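Asks: What follows is model38.json, made up of JSON, C-alpha atoms and all ligand atoms:
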```json
[["chain", "number", "residue", "atom", "x", "y", "z"],
["A", 27, "MET", "CA", 20.64, 11.19, -27.41],
["A", 28, "SER", "CA", 18.02, 9.81, -25.05],
["A", 29, "GLN", "CA", 15.42, 12.20, -23.72],
["A", 30, "TYR", "CA", 13.54, 12.16, -20.47],
["A", 31, "LEU", "CA", 9.90, 11.10, -20.78],
["A", 32, "TYR", "CA", 8.94, 12.69, -17.48],
["A", 33, "LYS", "CA", 9.59, 16.17, -16.08],
["A", 34, "ARG", "CA", 8.24, 16.08, -12.52],
["A", 35, "VAL", "CA", 8.62, 12.84, -10.60],
["A", 36, "LEU", "CA", 7.76, 11.55, -7.17],
["A", 37, "LEU", "CA", 10.25, 9.03, -5.86],
["A", 38, "LYS", "CA", 9.10, 6.70, -3.08],
["A", 39, "LEU", "CA", 12.00, 5.42, -1.00],
["A", 40, "SER", "CA", 11.26, 2.77, 1.58],
["A", 41, "GLY", "CA", 13.04, 2.88, 4.90],
["A", 42, "GLU", "CA", 14.48, -0.51, 4.01],
["A", 43, "ALA", "CA", 16.15, 0.97, 0.93],
["A", 44, "LEU", "CA", 18.06, 3.38, 3.19],
["A", 45, "MET", "CA", 19.30, 0.58, 5.40],
["A", 46, "GLY", "CA", 21.78, -0.76, 2.82],
["A", 47, "GLU", "CA", 23.60, -3.84, 4.05],
["A", 48, "GLY", "CA", 22.74, -3.18, 7.69],
["A", 49, "GLY", "CA", 19.65, -4.51, 9.42],
["A", 50, "TYR", "CA", 18.59, -1.19, 10.93],
["A", 51, "GLY", "CA", 18.98, 2.57, 10.54],
["A", 52, "ILE", "CA", 20.51, 4.60, 7.75],
["A", 53, "ASP", "CA", 23.57, 3.70, 5.66],
["A", 54, "PRO", "CA", 25.43, 6.87, 4.63],
["A", 55, "LYS", "CA", 26.73, 5.07, 1.53],
["A", 56, "VAL", "CA", 23.14, 4.68, 0.34],
["A", 57, "THR", "CA", 22.12, 8.28, 1.06],
["A", 58, "ASP", "CA", 25.30, 9.59, -0.63],
["A", 59, "ARG", "CA", 24.66, 7.45, -3.72],
["A", 60, "LEU", "CA", 21.09, 8.70, -3.87],
["A", 61, "ALA", "CA", 22.30, 12.28, -3.49],
["A", 62, "ARG", "CA", 24.57, 11.84, -6.55],
["A", 63, "GLN", "CA", 21.76, 10.36, -8.65],
["A", 64, "VAL", "CA", 19.23, 12.99, -7.64],
["A", 65, "LYS", "CA", 21.67, 15.85, -8.29],
["A", 66, "GLU", "CA", 22.22, 14.60, -11.83],
["A", 67, "LEU", "CA", 18.46, 14.52, -12.42],
["A", 68, "VAL", "CA", 17.96, 18.03, -11.05],
["A", 69, "ASP", "CA", 20.90, 19.32, -13.13],
["A", 70, "ASP", "CA", 19.15, 17.82, -16.18],
["A", 71, "GLY", "CA", 16.00, 19.82, -15.33],
["A", 72, "ILE", "CA", 13.95, 17.07, -13.66],
["A", 73, "GLU", "CA", 11.82, 18.16, -10.69],
["A", 74, "VAL", "CA", 12.18, 15.64, -7.88],
["A", 75, "GLY", "CA", 9.82, 15.10, -4.95],
["A", 76, "ILE", "CA", 10.54, 12.29, -2.51],
["A", 77, "VAL", "CA", 8.36, 10.43, -0.03],
["A", 78, "VAL", "CA", 10.44, 8.46, 2.41],
["A", 79, "GLY", "CA", 9.28, 5.53, 4.53],
["A", 80, "GLY", "CA", 10.25, 4.66, 8.08],
["A", 81, "GLY", "CA", 10.39, 0.86, 8.16],
["A", 82, "ASN", "CA", 14.13, 0.88, 8.88],
["A", 83, "ILE", "CA", 13.31, 2.46, 12.25],
["A", 84, "PHE", "CA", 9.70, 1.76, 13.22],
["A", 85, "ARG", "CA", 6.46, 0.48, 11.69],
["A", 86, "GLY", "CA", 3.08, 1.01, 13.29],
["A", 87, "MET", "CA", 1.96, -2.53, 12.50],
["A", 88, "ALA", "CA", 4.95, -3.94, 14.38],
["A", 89, "GLY", "CA", 4.08, -1.85, 17.43],
["A", 90, "ALA", "CA", 0.42, -2.90, 17.22],
["A", 91, "ALA", "CA", 1.48, -6.55, 16.97],
["A", 92, "GLN", "CA", 3.17, -6.13, 20.35],
["A", 93, "GLY", "CA", 0.00, -4.73, 21.90],
["A", 94, "MET", "CA", 0.44, -0.99, 21.30],
["A", 95, "ASP", "CA", -2.48, 1.17, 20.33],
["A", 96, "ARG", "CA", -2.33, 1.21, 16.51],
["A", 97, "ALA", "CA", -2.75, 4.96, 16.04],
["A", 98, "GLN", "CA", -0.11, 5.69, 18.68],
["A", 99, "ALA", "CA", 2.29, 3.27, 16.99],
["A", 100, "ASP", "CA", 1.57, 4.82, 13.59],
["A", 101, "TYR", "CA", 2.51, 8.26, 14.92],
["A", 102, "MET", "CA", 5.84, 6.75, 15.98],
["A", 103, "GLY", "CA", 6.21, 5.40, 12.45],
["A", 104, "MET", "CA", 5.53, 8.84, 11.00],
["A", 105, "LEU", "CA", 8.17, 10.35, 13.30],
["A", 106, "ALA", "CA", 10.61, 7.73, 11.98],
["A", 107, "THR", "CA", 10.02, 9.02, 8.43],
["A", 108, "ILE", "CA", 10.98, 12.52, 9.60],
["A", 109, "MET", "CA", 14.33, 11.21, 10.87],
["A", 110, "ASN", "CA", 14.95, 9.58, 7.48],
["A", 111, "ALA", "CA", 13.93, 12.79, 5.69],
["A", 112, "LEU", "CA", 16.44, 14.82, 7.73],
["A", 113, "ALA", "CA", 19.22, 12.31, 6.97],
["A", 114, "LEU", "CA", 18.41, 12.52, 3.26],
["A", 115, "GLN", "CA", 18.29, 16.32, 3.32],
["A", 116, "ASP", "CA", 21.71, 16.37, 4.93],
["A", 117, "ALA", "CA", 23.14, 14.03, 2.26],
["A", 118, "PHE", "CA", 21.53, 15.99, -0.57],
["A", 119, "GLU", "CA", 22.82, 19.32, 0.70],
["A", 120, "ARG", "CA", 26.33, 17.93, 1.18],
["A", 121, "GLY", "CA", 26.04, 16.62, -2.39],
["A", 122, "GLY", "CA", 25.25, 20.11, -3.67],
["A", 123, "SER", "CA", 21.44, 19.95, -4.13],
["A", 124, "ALA", "CA", 19.08, 22.49, -2.60],
["A", 125, "CYS", "CA", 16.56, 20.50, -0.61],
["A", 126, "ARG", "CA", 13.47, 21.17, 1.51],
["A", 127, "VAL", "CA", 11.79, 18.88, 4.01],
["A", 128, "MET", "CA", 8.03, 19.40, 4.31],
["A", 129, "SER", "CA", 6.26, 17.49, 7.01],
["A", 130, "ALA", "CA", 2.61, 16.47, 7.23],
["A", 131, "ILE", "CA", 3.00, 16.78, 11.02],
["A", 132, "GLN", "CA", 4.10, 20.25, 12.01],
["A", 133, "MET", "CA", 7.57, 20.38, 13.49],
["A", 134, "ASN", "CA", 8.51, 23.94, 12.73],
["A", 135, "GLU", "CA", 11.90, 23.93, 14.43],
["A", 136, "VAL", "CA", 13.23, 21.19, 12.19],
["A", 137, "CYS", "CA", 11.34, 21.39, 8.89],
["A", 138, "GLU", "CA", 8.63, 23.21, 6.96],
["A", 139, "PRO", "CA", 4.96, 22.29, 7.17],
["A", 140, "TYR", "CA", 3.55, 20.65, 4.04],
["A", 141, "ILE", "CA", 1.81, 23.27, 1.93],
["A", 142, "ARG", "CA", 1.00, 22.02, -1.56],
["A", 143, "ARG", "CA", 1.48, 25.28, -3.45],
["A", 144, "ARG", "CA", 4.73, 26.00, -1.66],
["A", 145, "ALA", "CA", 5.98, 22.51, -2.46],
["A", 146, "MET", "CA", 5.23, 23.05, -6.14],
["A", 147, "ARG", "CA", 7.05, 26.38, -6.09],
["A", 148, "HIS", "CA", 10.14, 24.75, -4.55],
["A", 149, "LEU", "CA", 10.07, 22.10, -7.27],
["A", 150, "GLU", "CA", 9.78, 24.71, -10.03],
["A", 151, "LYS", "CA", 12.87, 26.41, -8.62],
["A", 152, "GLY", "CA", 14.84, 23.17, -8.89],
["A", 153, "GLU", "CA", 14.81, 22.31, -5.20],
["A", 154, "VAL", "CA", 14.36, 18.71, -4.13],
["A", 155, "VAL", "CA", 11.33, 18.38, -1.85],
["A", 156, "ILE", "CA", 11.20, 15.56, 0.69],
["A", 157, "PHE", "CA", 7.71, 14.90, 2.00],
["A", 158, "ALA", "CA", 7.99, 13.62, 5.56],
["A", 159, "ALA", "CA", 5.50, 12.12, 8.04],
["A", 160, "GLY", "CA", 3.58, 10.28, 5.33],
["A", 161, "SER", "CA", 0.03, 11.54, 4.97],
["A", 162, "GLY", "CA", -0.05, 12.74, 8.59],
["A", 163, "ASN", "CA", -2.76, 10.17, 9.36],
["A", 164, "PRO", "CA", -2.51, 6.85, 11.16],
["A", 165, "TYR", "CA", -3.73, 3.69, 9.36],
["A", 166, "PHE", "CA", -1.97, 4.77, 6.16],
["A", 167, "THR", "CA", 1.40, 3.88, 4.67],
["A", 168, "THR", "CA", 4.05, 5.94, 2.98],
["A", 169, "ASP", "CA", 3.15, 4.16, -0.30],
["A", 170, "THR", "CA", -0.28, 5.74, -0.06],
["A", 171, "ALA", "CA", 1.28, 9.06, 0.94],
["A", 172, "ALA", "CA", 3.51, 8.80, -2.14],
["A", 173, "ALA", "CA", 0.51, 8.17, -4.42],
["A", 174, "LEU", "CA", -1.33, 11.07, -2.77],
["A", 175, "ARG", "CA", 1.56, 13.55, -3.05],
["A", 176, "ALA", "CA", 2.27, 12.45, -6.64],
["A", 177, "CYS", "CA", -1.33, 13.29, -7.57],
["A", 178, "GLU", "CA", -1.39, 16.52, -5.54],
["A", 179, "ILE", "CA", 1.77, 18.00, -7.05],
["A", 180, "GLY", "CA", 0.88, 16.89, -10.58],
["A", 181, "ALA", "CA", 3.82, 14.49, -10.92],
["A", 182, "ASP", "CA", 4.20, 12.76, -14.27],
["A", 183, "CYS", "CA", 4.98, 9.44, -12.62],
["A", 184, "LEU", "CA", 5.53, 7.71, -9.31],
["A", 185, "LEU", "CA", 8.84, 5.86, -9.04],
["A", 186, "LYS", "CA", 8.86, 3.16, -6.43],
["A", 187, "ALA", "CA", 12.43, 2.29, -5.50],
["A", 188, "THR", "CA", 12.78, -1.17, -4.00],
["A", 189, "LYS", "CA", 15.39, -3.87, -3.52],
["A", 190, "VAL", "CA", 14.05, -5.94, -6.45],
["A", 191, "ASP", "CA", 14.14, -5.00, -10.12],
["A", 192, "GLY", "CA", 10.40, -4.86, -10.76],
["A", 193, "ILE", "CA", 7.14, -6.71, -10.21],
["A", 194, "TYR", "CA", 7.11, -10.52, -10.36],
["A", 195, "ASP", "CA", 4.23, -12.98, -10.51],
["A", 196, "LYS", "CA", 5.63, -14.58, -7.32],
["A", 197, "ASP", "CA", 8.37, -13.81, -4.85],
["A", 198, "PRO", "CA", 11.64, -14.00, -6.86],
["A", 199, "VAL", "CA", 13.64, -14.62, -3.69],
["A", 200, "THR", "CA", 11.87, -17.90, -2.93],
["A", 201, "HIS", "CA", 10.79, -18.93, -6.49],
["A", 202, "ALA", "CA", 13.48, -19.50, -9.13],
["A", 203, "ASP", "CA", 10.81, -19.59, -11.89],
["A", 204, "ALA", "CA", 9.24, -16.20, -10.94],
["A", 205, "LYS", "CA", 8.45, -14.13, -14.03],
["A", 206, "ARG", "CA", 9.08, -10.39, -14.14],
["A", 207, "PHE", "CA", 6.58, -8.08, -15.86],
["A", 208, "ASP", "CA", 7.81, -5.26, -18.11],
["A", 209, "HIS", "CA", 4.32, -3.73, -18.07],
["A", 210, "ILE", "CA", 1.28, -4.58, -16.00],
["A", 211, "SER", "CA", -2.12, -2.95, -15.39],
["A", 212, "TYR", "CA", -3.25, -1.54, -12.05],
["A", 213, "HIS", "CA", -6.19, -3.93, -12.26],
["A", 214, "GLU", "CA", -3.90, -6.94, -12.48],
["A", 215, "VAL", "CA", -1.77, -5.69, -9.61],
["A", 216, "LEU", "CA", -4.89, -5.35, -7.48],
["A", 217, "VAL", "CA", -6.63, -8.57, -8.55],
["A", 218, "ARG", "CA", -3.51, -10.73, -8.25],
["A", 219, "GLY", "CA", -2.65, -9.08, -4.93],
["A", 220, "LEU", "CA", 0.94, -8.50, -6.10],
["A", 221, "GLN", "CA", 3.09, -7.15, -3.30],
["A", 222, "VAL", "CA", 4.23, -4.04, -5.14],
["A", 223, "MET", "CA", 2.49, -1.49, -2.98],
["A", 224, "ASP", "CA", -0.57, -1.56, -0.78],
["A", 225, "SER", "CA", -3.97, -1.64, -2.44],
["A", 226, "THR", "CA", -4.97, 1.87, -1.26],
["A", 227, "ALA", "CA", -1.92, 3.32, -3.02],
["A", 228, "ALA", "CA", -2.43, 1.25, -6.19],
["A", 229, "ALA", "CA", -6.13, 2.20, -6.35],
["A", 230, "LEU", "CA", -5.35, 5.91, -5.93],
["A", 231, "CYS", "CA", -2.86, 5.72, -8.82],
["A", 232, "GLN", "CA", -5.38, 3.82, -10.93],
["A", 233, "ASP", "CA", -8.16, 6.34, -10.28],
["A", 234, "ASN", "CA", -5.86, 9.20, -11.23],
["A", 235, "SER", "CA", -3.97, 7.49, -14.10],
["A", 236, "MET", "CA", -0.66, 7.98, -12.31],
["A", 237, "PRO", "CA", 1.96, 5.73, -13.94],
["A", 238, "ILE", "CA", 4.05, 3.75, -11.47],
["A", 239, "ILE", "CA", 7.56, 2.53, -12.24],
["A", 240, "VAL", "CA", 8.93, -0.10, -9.87],
["A", 241, "LEU", "CA", 12.70, -0.40, -9.99],
["A", 242, "ASN", "CA", 15.75, -1.52, -8.08],
["A", 243, "ILE", "CA", 17.36, 1.35, -6.24],
["A", 244, "GLU", "CA", 20.73, -0.43, -6.05],
["A", 245, "GLY", "CA", 21.53, -0.27, -9.77],
["A", 246, "GLU", "CA", 23.65, 2.79, -10.66],
["A", 247, "ASP", "CA", 21.61, 5.31, -12.73],
["A", 248, "ASN", "CA", 18.49, 3.10, -12.72],
["A", 249, "ILE", "CA", 16.28, 6.07, -11.91],
["A", 250, "LYS", "CA", 17.63, 8.06, -14.84],
["A", 251, "HIS", "CA", 17.28, 5.12, -17.25],
["A", 252, "ALA", "CA", 13.69, 4.53, -16.10],
["A", 253, "LEU", "CA", 12.81, 8.19, -16.61],
["A", 254, "MET", "CA", 14.16, 7.92, -20.16],
["A", 255, "GLY", "CA", 11.76, 5.05, -20.86],
["A", 256, "GLU", "CA", 14.46, 2.40, -20.91],
["A", 257, "PRO", "CA", 13.39, -1.10, -19.82],
["A", 258, "VAL", "CA", 14.37, -0.80, -16.18],
["A", 259, "GLY", "CA", 11.90, -2.37, -13.79],
["A", 260, "THR", "CA", 8.13, -2.70, -14.32],
["A", 261, "VAL", "CA", 5.75, 0.00, -15.53],
["A", 262, "VAL", "CA", 2.19, -0.03, -14.14],
["A", 263, "VAL", "CA", -0.41, 1.71, -16.30],
["A", 264, "GLN", "CA", -4.15, 1.42, -17.12],
["R", 301, "LIG", "N1", 2.57, 5.91, 8.68],
["R", 301, "LIG", "C1", 1.30, 6.36, 9.00],
["R", 301, "LIG", "N2", 0.64, 7.15, 8.09],
["R", 301, "LIG", "C2", 1.16, 7.50, 6.88],
["R", 301, "LIG", "C3", 2.45, 6.98, 6.56],
["R", 301, "LIG", "C4", 3.13, 6.21, 7.47],
["R", 301, "LIG", "O1", 0.78, 6.08, 10.06],
["R", 301, "LIG", "O2", 0.51, 8.22, 6.11],
["R", 301, "LIG", "C5", 3.34, 5.14, 9.68],
["R", 301, "LIG", "C6", 2.99, 3.66, 9.72],
["R", 301, "LIG", "O3", 3.06, 3.22, 11.06],
["R", 301, "LIG", "C7", 4.11, 3.03, 8.93],
["R", 301, "LIG", "C8", 5.29, 3.90, 9.31],
["R", 301, "LIG", "O4", 4.73, 5.20, 9.40],
["R", 301, "LIG", "O5", 4.34, 1.69, 9.28],
["R", 301, "LIG", "C9", 6.43, 3.88, 8.35],
["R", 301, "LIG", "O6", 5.96, 3.96, 7.03],
["R", 301, "LIG", "P1", 6.02, 2.70, 6.03],
["R", 301, "LIG", "O7", 5.76, 1.42, 6.76],
["R", 301, "LIG", "O8", 5.16, 3.01, 4.87],
["R", 301, "LIG", "O9", 7.56, 2.76, 5.60],
["R", 301, "LIG", "P2", 8.36, 1.88, 4.55],
["R", 301, "LIG", "O10", 7.78, 0.49, 4.54],
["R", 301, "LIG", "O11", 8.21, 2.53, 3.22],
["R", 301, "LIG", "O12", 9.78, 1.95, 5.05]]
```
Here is a file; write its structure as structure tokens.
Replies:
Amino acid sequence: MSQYLYKRVLLKLSGEALMGEGGYGIDPKVTDRLARQVKELVDDGIEVGIVVGGGNIFRGMAGAAQGMDRAQADYMGMLATIMNALALQDAFERGGSACRVMSAIQMNEVCEPYIRRRAMRHLEKGEVVIFAAGSGNPYFTTDTAAALRACEIGADCLLKATKVDGIYDKDPVTHADAKRFDHISYHEVLVRGLQVMDSTAAALCQDNSMPIIVLNIEGEDNIKHALMGEPVGTVVVQ
């Protein structure tokens, strides 16, 4: 029987991944499917932390492009991630998983503040922890927040869930001959400028030897297969 290669994982979910077929907002079919997958992992003894993006609602860069002050727009983006985190928490709890939302921006009426040791304690008890509001700082992304939280909580790997099944040498949507990597080094990701995650996040993972697995969130049980070392997606290592 296959065994898990990782015990504590940090799953990065983009806002786009929550959108499903729609062009905006949150698709309950997607959150319910995620809830089922995550429950199975937790039941198998895997500790699951999640960093959720906000691009399905608001991105700071988009606001800045329309003339907004960048930091102000980024705070709006961080608030969008809190909305996504609350939607996920609701789906997880309905699906039978205990789940905490910890925010990098204090919002005590709706969720807990992020406290690293408390987050680790929740994980040890088998509770899913959703890290909301990114890093709490403007000019960052939730990819970087995911790399940061993965390192902070001592995760064994960072899973980046996307709408494509790994890292390609060029955009597979526009190039029929795009080649998918099974494994690739952080260095190559950075030097080639591959659009897997932003360079700050990739460099943080490289400096801290945090393995990254990029996979397609839409495939049933992809997360579980990836955590068992099966060839799902692309693995980024030294
Ligand atoms: N954001 C930020 N600091 C952080 C994380 C996020 O300012 O540490 C803001 C930023 O404006 C970003 C938005 O929140 O555009 C939503 O996050 P992101 O774009 O990473 O979401 P995703 O693309 O994963 O849906």
Asks: Would you please work out which residue, of A:Ile156, A:Ala171, A:Leu36, A:Leu67, is nearest to ligand LIG 301 (chain R) when using all atoms listed in the file?
Replies: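 Of A:Ile156, A:Ala171, A:Leu36, A:Leu67, the one nearest ligand LIG 301 (chain R), counting all atoms listed in the file, is A:Ala171.
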Asks: Can you tell me which residues come within 9 Å of ligand LIG 301 (chain R) when counting all atoms listed in the file, ideally as a PyMOL selection string?
Replies: chain A and resi 38-44+77-89+96-107+130+158-172
Asks: I'd like the interatomic distance between atom CA of A:Glu214 and atom CA of A:Ile76, to a tenth of an Å.
Replies: 26.0 Å
Asks: For the atom pair atom CA of A:Ile243 and atom CA of A:Val56, what is the interatomic distance in Å to one decimal place?
Replies: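 One can read the atom CA of A:Ile243 to atom CA of A:Val56 distance as 9.4 Å.
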Asks: Looking at only C-alpha atoms, which of A:Ala176, A:Val217, A:Met109, A:Met254 is the one that sits closest to A:Asp195?
Replies: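 For A:Asp195, the nearest of the candidates is A:Val217.
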Asks: Take atom CA of A:His201 and atom CA of A:Ala187 and report the distance between them in Å, one decimal.
Replies: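 Computed distance, atom CA of A:His201 to atom CA of A:Ala187, equals 21.3 Å.
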Asks: Rank nothing, just name the residue among A:Ser28, A:Asn248, A:Ser235, A:Gln132 nearest to A:Asp182, using only C-alpha atoms.
Replies: A:Ser235
Asks: Determine the nearest neighbour of A:Gly46 from the options A:Lys189, A:Phe118, A:Asp233, A:Ile249, counting only C-alpha atoms.
Replies: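 Answer, going by the shortest atom-to-atom distance: A:Lys189.
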Asks: Name the closest residue to A:Ile193 among the candidates A:Cys137, A:Val262, A:Ala181, A:Leu216; distances are taken between atoms, counting all atoms listed in the file.
Replies: A:Val262
Asks: My structure is short of atoms at stretch 138-159 of chain A; please model N, CA and C atoms there, returning them as a PDB file, in the coordinates of the input.
Replies:
```
ATOM      1  N   GLU A 138       9.783  22.392   7.335  1.00  0.00           N
ATOM      2  CA  GLU A 138       8.630  23.210   6.960  1.00  0.00           C
ATOM      3  C   GLU A 138       7.349  22.372   7.054  1.00  0.00           C
ATOM      4  N   PRO A 139       6.219  23.042   7.258  1.00  0.00           N
ATOM      5  CA  PRO A 139       4.960  22.290   7.170  1.00  0.00           C
ATOM      6  C   PRO A 139       4.657  22.005   5.695  1.00  0.00           C
ATOM      7  N   TYR A 140       3.923  20.945   5.430  1.00  0.00           N
ATOM      8  CA  TYR A 140       3.550  20.650   4.040  1.00  0.00           C
ATOM      9  C   TYR A 140       2.463  21.607   3.572  1.00  0.00           C
ATOM     10  N   ILE A 141       2.790  22.393   2.574  1.00  0.00           N
ATOM     11  CA  ILE A 141       1.810  23.270   1.930  1.00  0.00           C
ATOM     12  C   ILE A 141       1.955  23.015   0.432  1.00  0.00           C
ATOM     13  N   ARG A 142       0.895  22.514  -0.176  1.00  0.00           N
ATOM     14  CA  ARG A 142       1.000  22.020  -1.560  1.00  0.00           C
ATOM     15  C   ARG A 142       1.565  23.051  -2.515  1.00  0.00           C
ATOM     16  N   ARG A 143       1.015  24.258  -2.491  1.00  0.00           N
ATOM     17  CA  ARG A 143       1.480  25.280  -3.450  1.00  0.00           C
ATOM     18  C   ARG A 143       2.942  25.643  -3.226  1.00  0.00           C
ATOM     19  N   ARG A 144       3.336  25.661  -1.955  1.00  0.00           N
ATOM     20  CA  ARG A 144       4.730  26.000  -1.660  1.00  0.00           C
ATOM     21  C   ARG A 144       5.653  24.871  -2.150  1.00  0.00           C
ATOM     22  N   ALA A 145       5.183  23.656  -1.986  1.00  0.00           N
ATOM     23  CA  ALA A 145       5.980  22.510  -2.460  1.00  0.00           C
ATOM     24  C   ALA A 145       6.194  22.609  -3.975  1.00  0.00           C
ATOM     25  N   MET A 146       5.127  22.961  -4.680  1.00  0.00           N
ATOM     26  CA  MET A 146       5.230  23.050  -6.140  1.00  0.00           C
ATOM     27  C   MET A 146       6.170  24.182  -6.555  1.00  0.00           C
ATOM     28  N   ARG A 147       6.150  25.254  -5.796  1.00  0.00           N
ATOM     29  CA  ARG A 147       7.050  26.380  -6.090  1.00  0.00           C
ATOM     30  C   ARG A 147       8.518  25.968  -5.886  1.00  0.00           C
ATOM     31  N   HIS A 148       8.774  25.242  -4.791  1.00  0.00           N
ATOM     32  CA  HIS A 148      10.140  24.750  -4.550  1.00  0.00           C
ATOM     33  C   HIS A 148      10.599  23.887  -5.723  1.00  0.00           C
ATOM     34  N   LEU A 149       9.710  23.003  -6.172  1.00  0.00           N
ATOM     35  CA  LEU A 149      10.070  22.100  -7.270  1.00  0.00           C
ATOM     36  C   LEU A 149      10.385  22.885  -8.541  1.00  0.00           C
ATOM     37  N   GLU A 150       9.560  23.884  -8.820  1.00  0.00           N
ATOM     38  CA  GLU A 150       9.780  24.710 -10.030  1.00  0.00           C
ATOM     39  C   GLU A 150      11.140  25.396  -9.991  1.00  0.00           C
ATOM     40  N   LYS A 151      11.572  25.730  -8.756  1.00  0.00           N
ATOM     41  CA  LYS A 151      12.870  26.410  -8.620  1.00  0.00           C
ATOM     42  C   LYS A 151      14.048  25.430  -8.656  1.00  0.00           C
ATOM     43  N   GLY A 152      13.751  24.153  -8.814  1.00  0.00           N
ATOM     44  CA  GLY A 152      14.840  23.170  -8.890  1.00  0.00           C
ATOM     45  C   GLY A 152      15.295  22.656  -7.539  1.00  0.00           C
ATOM     46  N   GLU A 153      14.452  22.852  -6.513  1.00  0.00           N
ATOM     47  CA  GLU A 153      14.810  22.310  -5.200  1.00  0.00           C
ATOM     48  C   GLU A 153      14.176  20.924  -5.045  1.00  0.00           C
ATOM     49  N   VAL A 154      14.922  20.035  -4.429  1.00  0.00           N
ATOM     50  CA  VAL A 154      14.360  18.710  -4.130  1.00  0.00           C
ATOM     51  C   VAL A 154      13.426  18.889  -2.936  1.00  0.00           C
ATOM     52  N   VAL A 155      12.251  18.284  -2.990  1.00  0.00           N
ATOM     53  CA  VAL A 155      11.330  18.380  -1.850  1.00  0.00           C
ATOM     54  C   VAL A 155      11.111  16.985  -1.271  1.00  0.00           C
ATOM     55  N   ILE A 156      11.437  16.842   0.007  1.00  0.00           N
ATOM     56  CA  ILE A 156      11.200  15.560   0.690  1.00  0.00           C
ATOM     57  C   ILE A 156       9.944  15.710   1.543  1.00  0.00           C
ATOM     58  N   PHE A 157       8.971  14.868   1.259  1.00  0.00           N
ATOM     59  CA  PHE A 157       7.710  14.900   2.000  1.00  0.00           C
ATOM     60  C   PHE A 157       7.822  13.921   3.162  1.00  0.00           C
ATOM     61  N   ALA A 158       7.791  14.456   4.371  1.00  0.00           N
ATOM     62  CA  ALA A 158       7.990  13.620   5.560  1.00  0.00           C
ATOM     63  C   ALA A 158       6.671  13.424   6.307  1.00  0.00           C
ATOM     64  N   ALA A 159       6.653  12.455   7.191  1.00  0.00           N
ATOM     65  CA  ALA A 159       5.500  12.120   8.040  1.00  0.00           C
ATOM     66  C   ALA A 159       4.322  11.556   7.252  1.00  0.00           C
TER      67      ALA A 159
END
```
